[in-house]
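Asks: Handing you this structure, nothing more for now.
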Amino acid sequence: MKTKFIFVTGGVLSSLGKGICSASLGRLLKSRGYSVTIQKFDPYINIDPGTMNPLQHGEVFVTDDGGETDLDLGHYERFTDEDLSKYNNFTSGRIYKEVIDNERKGKFLGATIQVIPHVTDEIKNSIKKTLMRKKTDIIITEIGGTVGDIESLPFLEAIRQFKKDIGKENVLYIHVTYIPYLKTTEELKSKPTQHSVKELRSIGIQPDIIICRSETKLTDSIKDKISLFCDIEKEDTIEAIDARHIYEVPLMLQKEKLDSRVLSKLKLKTGRSDLKSWKKLVGTIHHLDGQVEIGIVGKYTKLKDAYISIVESLNHGGYFFKKNVKLTWINSELIDESCPDDNIFINMDGILVPYGFGFRGINGKINAIKCARESKIPFLGICLGMQCAVIEFGRNVLGLKDANSTEFAPDTINPVIDLMNDQKNIDDKGGTMRLGSYKCKLSIDSKAYKAYRKKIIFERHRHRYELNNYYRGKLEKAGMIVTGVNPEKNLAEIVEIKDHPWFVAVQFHPEFKSRPDRPHPLFRDFIGASIEYSSRKIKK
Ligand code: GLN
């Protein structure tokens, strides 16, 4: 089968949930038996989001092959259950870099390098690069930003040309817009959508389908208006009202027949849709009973998107036990100096310390971990969370008062966390960490093995610093055991506290591999332990 291309653009507003719409469409098409991949173009100049502040850009999602990518790729993976690669996310910076590198190599034979055709050609090329890695029946390409932005113009021009190159029966344009509701006149308004489509048409793109995000149901008359003014069939005006839960979106879009419209336009057989497991998942989400309270102690708590995969993974664990996961966000910088008097940690059923960079908020995280360790509250540490667990244990159990990471105290006498040798001479910040999937061997007698039920696992990484093997013996003697090791480099990947109901801290990022209907084993067991802890608390 020849690959079909779907392009998703956004209009009127940012943050409309284009990523969720693309991910949902991916799920719907997969459930009809097609192989699907999803790709995102981001119009900013950074080569990748790896160097951007999480408070501005949200989480950096890491792929198996070490790509530092936009958080939408997390949605794509979770919705379609397909592992993606660094070729599923391209920024303007990465496209321009490729063009400029080729110019320096003399590959353009003396030509004057221009946005059209050189940059647009490279954009089209990058769609092919994704497909070269994994050929699929359908590729969905989401264009970041909003139509009308100056910086997305080369991308729009490239996808316009694509139709001519590939043939119109193989290309489909979907525009996601917003239909505001005006309270005073009690009306839905189509004008912003009309303007956005006008803008898109001025570039030469006529949308085939418009997904209308709105707070309330679309009336027949608004659908008529959009159809008339935007020149699409009424059935191609797809309603997408605010969902109670993101995982409901595929089912809502299917009710609107989005998938069958897409397939018939691309001249593909509609076939039977198998959404049984997805419907079961949504049923579970609607019938959760009771709750478990997890405290997340981090530095980027002002922007929840900074921890989006962690939040999703905790929820996945909750679905497994049919419980709501209530999150309490604790800003580690506000509790930096000492444990607060009315100890907030003690009321939690579980404590999670996530990833992070830089020294701010470190003491707050260490305080939280001390409380989890001493009060035997279930604890999951992720990346920096594991490093802080080792520092806490070094300081408070081994009595090494200046135990620290050389990231925060380069001259400390007790560098329990230190830079890996192969990181020591690297000055560049972007793309230079230990990135992507690495092997880890588990000890059989461990919480980790109990969770995974296998000896060899693969998990994704994004960090520079490691547990310093010089201290391993001392830590283990005092009760902090290394239960997961990278066999090639003998790096500690997991530590656990022997004398604790559930204290597991990992150097990698389990949150990138959790799926809504298949929770990551560590998140599942962390939630399980937290539920148990909470019921023990109630009995007391
Ligand atoms: N800053 C730490 C390091 O680079 C932890 C990184 C992380 O939490 N992802 O090793």
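Naming works like this for the structure tokens: A, B, ... for the chains as they're shown, residue 1 at the start of each chain, ligands 1 onward in shown order.
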Can you check which parts of chain A lie within 9 Å of ligand 1? Per residue, the shortest pair of atoms and distance in Å to one decimal, counting only C-alpha atoms and all ligand atoms, sorted by chain and number, as CSV.
Replies:
```
residue,atom,partner,partner_atom_place_in_ligand_line,distance
A:Pro354,CA,ligand 1,8 (O),6.8
A:Tyr355,CA,ligand 1,8 (O),3.2
A:Gly356,CA,ligand 1,8 (O),4.2
A:Phe357,CA,ligand 1,1 (N),3.9
A:Gly358,CA,ligand 1,1 (N),6.2
A:Phe359,CA,ligand 1,1 (N),8.7
A:Ile382,CA,ligand 1,8 (O),6.7
A:Cys383,CA,ligand 1,8 (O),4.1
A:Leu384,CA,ligand 1,8 (O),3.7
A:Gly385,CA,ligand 1,8 (O),6.8
A:Met386,CA,ligand 1,8 (O),8.3
A:Gln387,CA,ligand 1,5 (C),7.3
A:Ser405,CA,ligand 1,2 (C),8.8
A:Glu407,CA,ligand 1,1 (N),7.0
A:Ile417,CA,ligand 1,10 (O),8.5
A:Asp418,CA,ligand 1,10 (O),8.4
A:Leu419,CA,ligand 1,10 (O),7.7
A:Met433,CA,ligand 1,4 (O),7.2
A:Arg434,CA,ligand 1,10 (O),8.6
A:His461,CA,ligand 1,9 (N),7.4
A:Arg462,CA,ligand 1,9 (N),5.0
A:His463,CA,ligand 1,4 (O),3.7
A:Arg464,CA,ligand 1,10 (O),3.9
A:Tyr465,CA,ligand 1,10 (O),3.6
A:Glu466,CA,ligand 1,10 (O),6.4
A:Gln507,CA,ligand 1,8 (O),7.8
A:Phe508,CA,ligand 1,9 (N),7.8
A:His509,CA,ligand 1,9 (N),7.7
```
Asks: Please identify which residues in range 63-130 of chain A DSSP calls helix (DSSP H, G or I) from the backbone, and express them as a PyMOL selection string.
Replies: chain A and resi 72-80+86-88+92-104+115-130
Asks: Would you pick out the contacts of Ile222 in chain A at 7 Å or less, using only C-alpha atoms, so that residues sharing its chain but fewer than 4 positions from it are not included, and give the list as JSON, numbers by chain?
Replies: {"A": [190, 218, 226]}
Asks: Go ahead and write the residues just picked, N, CA, C and O atoms, as a PDB file, in the first residue's frame.
Replies:
```pdb
ATOM      1  N   SER A 190     -18.762  31.445  14.498  1.00  0.00           N
ATOM      2  CA  SER A 190     -17.908  30.765  13.515  1.00  0.00           C
ATOM      3  C   SER A 190     -16.871  31.689  12.880  1.00  0.00           C
ATOM      4  O   SER A 190     -15.989  31.230  12.151  1.00  0.00           O
ATOM      5  N   LEU A 218     -22.038  21.659  19.057  1.00  0.00           N
ATOM      6  CA  LEU A 218     -22.247  22.503  17.870  1.00  0.00           C
ATOM      7  C   LEU A 218     -23.705  22.364  17.421  1.00  0.00           C
ATOM      8  O   LEU A 218     -24.229  21.252  17.372  1.00  0.00           O
ATOM      9  N   ILE A 226     -20.189  26.923   8.899  1.00  0.00           N
ATOM     10  CA  ILE A 226     -18.776  26.570   8.682  1.00  0.00           C
ATOM     11  C   ILE A 226     -18.629  25.868   7.334  1.00  0.00           C
ATOM     12  O   ILE A 226     -17.714  26.165   6.552  1.00  0.00           O
TER      13      ILE A 226
END
```
Asks: Ala306 in chain A: which residues within 8 Å, counting only C-alpha atoms, same-chain residues fewer than 3 positions away excluded, as a count of residues only?
Replies: 9
Asks: Sorted by chain and rising residue number, list the residues of range 179-243 of chain A at most 12 Å from range 167-170 of chain A (counting only C-alpha atoms), each with its closest atom pair and distance in Å to one decimal, as CSV.
Replies:
```
residue,atom,partner,partner_atom,distance
A:Ile205,CA,A:Lys168,CA,11.9
A:Gln206,CA,A:Lys168,CA,11.7
A:Asp208,CA,A:Lys168,CA,11.2
```
Asks: Residues of the last selection are to be written out with N, CA, C and O atoms, as an mmCIF file, in the first residue's frame.
Replies:
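Writing the result to again01.cif gives the following:
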```
data_model
loop_
_atom_site.group_PDB
_atom_site.id
_atom_site.type_symbol
_atom_site.label_atom_id
_atom_site.label_comp_id
_atom_site.auth_asym_id
_atom_site.auth_seq_id
_atom_site.Cartn_x
_atom_site.Cartn_y
_atom_site.Cartn_z
ATOM 1 N N ILE A 205 -3.758 26.268 0.947
ATOM 2 C CA ILE A 205 -4.242 25.010 1.538
ATOM 3 C C ILE A 205 -5.741 25.108 1.812
ATOM 4 O O ILE A 205 -6.188 26.005 2.545
ATOM 5 N N GLN A 206 -6.495 24.204 1.227
ATOM 6 C CA GLN A 206 -7.932 24.122 1.514
ATOM 7 C C GLN A 206 -8.133 22.930 2.452
ATOM 8 O O GLN A 206 -7.851 21.792 2.083
ATOM 9 N N ASP A 208 -9.660 19.793 4.301
ATOM 10 C CA ASP A 208 -10.672 18.804 3.921
ATOM 11 C C ASP A 208 -11.638 18.569 5.071
ATOM 12 O O ASP A 208 -12.797 18.240 4.869
#
```
Asks: Mind checking which residues fall within 9 Å of Thr219 in chain A, counting only C-alpha atoms, ignoring those fewer than 4 positions away in the same chain, and posting them as a PyMOL selection string?
Replies: chain A and resi 188+223-224
Asks: Between A:Ile330, A:Leu29, A:Ile335, A:Val8, which has the minimum distance to Leu200 in chain A (counting only C-alpha atoms)?
Replies: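 Checking each candidate against Leu200 in chain A, we get A:Val8 as the closest.
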